[in-house]
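Peer 1: Have a look at this one before I ask anything.
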Amino acid sequence: MGDEDWEAEINPHMSSYVPIFEKDRYSSGENGDNFNRTPTSSSEMDDGPSRRDHFMKSGFASGRNFGNRDAGESNKRDNTSTMGGFGVGKSFGNRGFSNSKFEDGDSSGFWRESSNDCEDNPTRNRGFSKRGDNDLDPDECMQRTGGLFGSRRPALSGTGNGDTSQSRSGSGSERGGYKGLNEEVITGSGKNSWKSEAEGGESSDTQGPKVTYIPPPPPEDEDSIFAHYQTGINFDKYDTILVEVSGHDAPPAILTFEEANLCQTLNNNIAKAGYTKLTPVQKYSIPIILAGRDLMACAQTGSGKTAAFLLPILAHMMHDGITASRFKELQEPECLIVAPTRELVNQIYLEARKFSFGTCVRAVVIYGGTQLGHSIRQIVQGCNILCATPGRLMDIIGKEKIGLKQIKYLVLDEADRMLDMGFGPEMKKLISCPGMPSKEQRQTLMFSATFPEEIQRLAAEFLKSNYLFVAVGQVGGACRDVQQTVLQVGQFSKREKLVEILRNIGDERTMVFVETKKKADFIATFLCQEKISTTSIHGDREQREREQALGDFRCGKCPVLVATSVAARGLDIENVQHVINFDLPSTIDEYVHRIGRTGRCGNTGRAISFFDLESDNHLAQPLVKVLTDAQQDVPAWLEEIAFSTYIPGFSGSTRGNVFASVDTRKGKSSLNTAGFSSSQVPNPVDDESWD
Ligand SMILES: Nc1ncnc2c1ncn2[C@@H]1O[C@H](COP(=O)(O)OP(=O)(O)OP(=O)(O)O)[C@@H](O)[C@H]1O
């Protein structure tokens with residue numbers, strides 16, 4: 001069927017129900033969902049029993065979600081409770097913050113956990129951060145031990161709140177791990193013989209309350225669908241970035257959208273999205289995907305990787321034809337896109353919806369933390385492109401609402417994360433699900449800004465042997481449009497420094513990354529008390545709260561977003577001018593992703609990192625390399641630490657290969673093997689709920 005035929009098949013009634021990140025959209029309530037009311041500070045205070053349970057389990061009698069408040073009236077209200085919720089402050093308050101309200105309250109809450117979360121942790125000096133935050137949550141417990149990829153988590157013993165962590169960890173694995181704390185429990189089915197024992201164990205529906213959250217639908221009007229931000233002054237500099245393609249018989253790059261020879265509808269959508277010029281990763285990836293080749297592509301953060309895979313996939317689908325998008329109990333999508341976080345899959349979905357506008361292709365998004373029935377309802381209405389987080393995807397496959405027989409395109413966004421110890425086992429299961437076409441029969445595409453060598457080797461199992469590898473510029477390196485500053489700040493001076501910086505920044509949008517979920521709440525609350533409008537996002541927050549936080553940040557209501565690494569990858573938020581690493585992450589890859597939330601699409605941004613001599617020395621060497629490669633100033637003290645810290649396996653050169661991450665088939669080493677790649681070190685967000 002030709003392009004035009006497909007374009008004629010527009011279904012004006014095709015509706016999709018996914019969240020958007022605008023506060024006004026959270027007032028639905030039409031589904032009768034208690035959690036779906038317009039959230040106000042008071043309503044958030046007024047948690048239902050399930051949430052209270054949740055907080056108790058997390059070691060917070062109350063107030064752990066106070067970081068979600070903006071300053072002002074609600075803030076005043078919050079403070080009272082905050083004293084109860086976080087009212088400990090031993091670790092912070094006794095050191096230079098003696099007047100802090102956090103000092104009040106009983107010591108059973110934050111302090112006990114903060115002794116693990118926030119105090120210096122000598123083990124980090126070795127680059128193997130012992131994650132003090134025992135706050136395992138069941139979503140995260142999907143990262144089970146065993147299997148090919150081993151355990152994603154470091155040992156849990158010997159840390160403060162051991163009872164909580166161990167019991168919760170244990171329950172997570174018993175349950176097979178696909179559950180979020182409040183997710184609906186899926187009863188095991190005898191038909192799911194491909195499921196592991198652990199998954200088979202996920203049969204109890206007595207574990208926690210059901211998730212009832214139904215995300216509000218995104219706006220359907222064309223202006224909203226095509227809303228976009230401007231490319232920045234450095235967009236044209238992309239042309240000067242070196243690109244290397246390896247593998248045999250790579251098709252030549254294209255220079256313009258016209259050369260891609262896409263159908264008229266796609267071209268119209270590209271124009272409406274404001275795209276006039278291809279970015280380098282698009283110039284190389286689009287023809288490769290159009291030629292039907294498997295691809296592993298590494299390109300810097302914010303340089304357009306999403307469109308690089310969506311456009312050629314859509315072009316193929318328009319050209320080859322798709323199963324009609326109509327109501328069916330079992331849907332068989334042609335394209336499956338998986339990504340590590342809920343917010344990211346939703347963002348990819350919105351991009352897919354934008355580029356497929358006016359075509360017969362129906363994109364659907366499903367992710368954890370939302371009502372499972374809602375996900376199923378979205379799917380059965382028709383599904384050609386499925387954007388999913390791994391846990392929810394496996395649930396839905398287990399429920400036999402999705403068949404994999406028709407999959408022609410499998411995309412792993414943030415592929416290194418999808419294949420590491422955390423999600424790797426799920427991805428392996430996915431490709432061995434009944435019906436999933438073999439790698440010879442499907443096209444597999446992997447994208448990321450970082451791609452450690454050993455993960456590339458694992459990736460080979462998913463890809464045809466003749467896959468192509470595209471490396472754009474300093475892959476695995478930081479985007480040059482981000483001005484990076486590293487400051488030496490001790491643990492107990494960090495809050496003071498943060499406030500000083502934020503006061504100078506004013507209202508400019510800023511993401512503040514911290515190490516743990518509890519610290520995210522704590523710092524957000526602290527900033528609110530300092531009258532800095534702040535919200536927070538992390539894996540302990542309910543999905544409704546996460547989406548509201550992102551919405552408040554996007555629209556500028558709360559210009560400061562305190563986040564754990566759950567927000568480090570992929571999120572594309574307009575006008576984020578600053579990233580502050582209040583705590584540095586454990587891995588250099590994570591650092592690169594975090595600072596990539598600013599300086600996107602040719603815009604400039606700033607990243608400030610607090611380097612704590614007590615805990616961050618293991619990062620000195622790779623940090624010096626990243627700074628040098630991105631032509632940033634390297635502080636002399638950092639260089640000194642870098643050279644005095646021996647790290648096995650690190651090349652030592654700060655002027656190494658132009659391509660920081662290279663195709664492992666060429667046998668070269670990569671930046672990310674500097675002793676700190678994400679697959680080698682316990683993941684910095686081991687305590688996180690990702691999907
Ligand atoms: N050719 C283009 N012209 C104009 N804008 C573009 C173009 N390609 C992508 N963009 C915009 O650039 C922004 C960043 O794109 P995208 O989110 O795909 O980056 P990314 O490379 O996937 O980043 P990350 O590594 O952080 O996931 C988006 O707002 C996207 O719409």
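Every chain in the structure tokens has a letter given in the order shown (A, B, ...), and although residue numbers restart at 1 in each chain, ligands are simply numbered from 1 in the order shown.
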Tell me which protein, DNA and RNA residues are within 7 Å of A:Ile385, counting only C-alpha atoms, leaving out same-chain ones fewer than 5 positions away, and put them as a PyMOL selection string.

Peer 2: chain A and resi 333-336+362-364

Peer 1: Next, write the just-selected residues to a file, as a PDB file, in the first residue's frame, keeping C-alpha atoms as the atom set.

Peer 2:
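Generated file (result.pdb):
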ATOM      1  CA  PRO A 333       2.272  -4.080  17.368  1.00  0.00           C
ATOM      2  CA  GLU A 334       4.885  -3.740  14.660  1.00  0.00           C
ATOM      3  CA  CYS A 335       7.189  -1.626  16.771  1.00  0.00           C
ATOM      4  CA  LEU A 336       8.205  -1.965  20.392  1.00  0.00           C
ATOM      5  CA  ARG A 362      -1.417   4.367  16.483  1.00  0.00           C
ATOM      6  CA  ALA A 363       1.142   4.738  19.254  1.00  0.00           C
ATOM      7  CA  VAL A 364       0.366   3.641  22.803  1.00  0.00           C
TER       8      VAL A 364
END

Peer 1: Using only C-alpha atoms and all ligand atoms, find each residue in chain A having at least one atom no more than 9 Å away from ligand 1; report its shortest atom-to-atom pair and that distance in Å (one decimal), rows by chain then rising number, as a tab-separated table.

Peer 2:
residue	atom	partner	partner_atom_place_in_ligand_line	distance
A:His228	CA	ligand 1	29 (O)	6.3
A:Tyr229	CA	ligand 1	29 (O)	6.3
A:Gln230	CA	ligand 1	5 (N)	7.1
A:Thr231	CA	ligand 1	5 (N)	5.7
A:Phe235	CA	ligand 1	4 (C)	8.3
A:Phe257	CA	ligand 1	1 (N)	8.8
A:Ile270	CA	ligand 1	1 (N)	8.5
A:Ala273	CA	ligand 1	31 (O)	7.2
A:Gly274	CA	ligand 1	4 (C)	5.9
A:Tyr275	CA	ligand 1	3 (N)	3.7
A:Thr276	CA	ligand 1	3 (N)	5.8
A:Lys277	CA	ligand 1	1 (N)	5.0
A:Leu278	CA	ligand 1	1 (N)	4.2
A:Thr279	CA	ligand 1	1 (N)	5.0
A:Pro280	CA	ligand 1	1 (N)	8.7
A:Val281	CA	ligand 1	21 (O)	8.1
A:Gln282	CA	ligand 1	1 (N)	7.3
A:Cys298	CA	ligand 1	25 (O)	8.7
A:Ala299	CA	ligand 1	21 (O)	6.4
A:Gln300	CA	ligand 1	25 (O)	5.9
A:Thr301	CA	ligand 1	25 (O)	3.3
A:Gly302	CA	ligand 1	23 (O)	3.4
A:Ser303	CA	ligand 1	21 (O)	3.9
A:Gly304	CA	ligand 1	18 (O)	3.5
A:Lys305	CA	ligand 1	21 (O)	3.9
A:Thr306	CA	ligand 1	18 (O)	3.7
A:Ala307	CA	ligand 1	18 (O)	5.7
A:Ala308	CA	ligand 1	18 (O)	7.5
A:Leu344	CA	ligand 1	27 (O)	8.4
A:Gln347	CA	ligand 1	17 (O)	8.3
A:Ile348	CA	ligand 1	17 (O)	8.2
A:Glu351	CA	ligand 1	31 (O)	7.6
A:Asp413	CA	ligand 1	27 (O)	7.8
A:Glu414	CA	ligand 1	27 (O)	7.0
A:Phe447	CA	ligand 1	22 (O)	7.9
A:Ser448	CA	ligand 1	25 (O)	5.9
A:Ala449	CA	ligand 1	25 (O)	5.1
A:Thr450	CA	ligand 1	25 (O)	8.5
A:Ala568	CA	ligand 1	26 (O)	8.2
A:Arg569	CA	ligand 1	26 (O)	5.7
A:Gly570	CA	ligand 1	27 (O)	3.3
A:Leu571	CA	ligand 1	26 (O)	6.0
A:Asp572	CA	ligand 1	17 (O)	5.1
A:Ile573	CA	ligand 1	29 (O)	7.5
A:Glu574	CA	ligand 1	29 (O)	7.4
A:His593	CA	ligand 1	26 (O)	6.5
A:Arg594	CA	ligand 1	26 (O)	8.4
A:Gly596	CA	ligand 1	26 (O)	5.7
A:Arg597	CA	ligand 1	26 (O)	6.3
A:Thr598	CA	ligand 1	26 (O)	8.8
A:Arg600	CA	ligand 1	14 (C)	5.9
A:Cys601	CA	ligand 1	12 (O)	4.6
A:Gly602	CA	ligand 1	12 (O)	8.2

Peer 1: Just list as a VMD selection string whatever in stretch 259-409 of chain A DSSP marks as helix (DSSP H, G or I).

Peer 2: chain A and resid 259 to 260 264 to 272 280 to 290 305 to 320 342 to 355 372 to 380 390 to 398

Peer 1: In Å, with one decimal, what is the gap from atom CA of A:Ser533 to atom CA of A:Val560?

Peer 2: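 Computing it gives 6.4 Å between the two atoms.
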
Peer 1: Determine, counting only C-alpha atoms, which protein, DNA and RNA residues have an atom within 8 Å of an atom of stretch 426-435 of chain A; residues of the same chain fewer than 4 positions away are not included. Present the result as a PyMOL selection string.

Peer 2: chain A and resi 194-195+390-391+394+403-405+418-419+462

Peer 1: Which residue is closest to A:Gln406? Choose from A:Arg442, A:Arg377, A:Arg665, A:Lys328 and count only C-alpha atoms.

Peer 2: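 Looking at the shortest contact to A:Gln406, the residue is A:Arg442.
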
Peer 1: Please provide as a list of chain:residue names all residues within 8 Å of stretch 607-611 of chain A, with the sequence filter that same-chain residues fewer than 3 positions apart are discarded (counting only C-alpha atoms).

Peer 2: A:Val482, A:Gln483, A:Gln484, A:Thr485, A:Val486, A:Leu487, A:Gln488, A:Val489, A:Gly490, A:Lys494, A:His578, A:Val579, A:Ile580, A:Asn581, A:Phe582, A:Asp583, A:Leu584, A:Ile595, A:Thr598, A:Asp616

Peer 1: Give me, please, the distance in Å between atom CA of A:Phe553 and atom CA of A:Arg541, quoted to one decimal.

Peer 2: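 So the answer is 15.4 Å.
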
Peer 1: Which residues are near A:Tyr349? Cut-off 12 Å, only C-alpha atoms, ignore same chain within fewer than 6 positions. Put them as number ranges by chain.

Peer 2: A: 16-20, 218, 225, 306-307, 310, 335-339, 342-343, 355-357, 362-367, 383-389
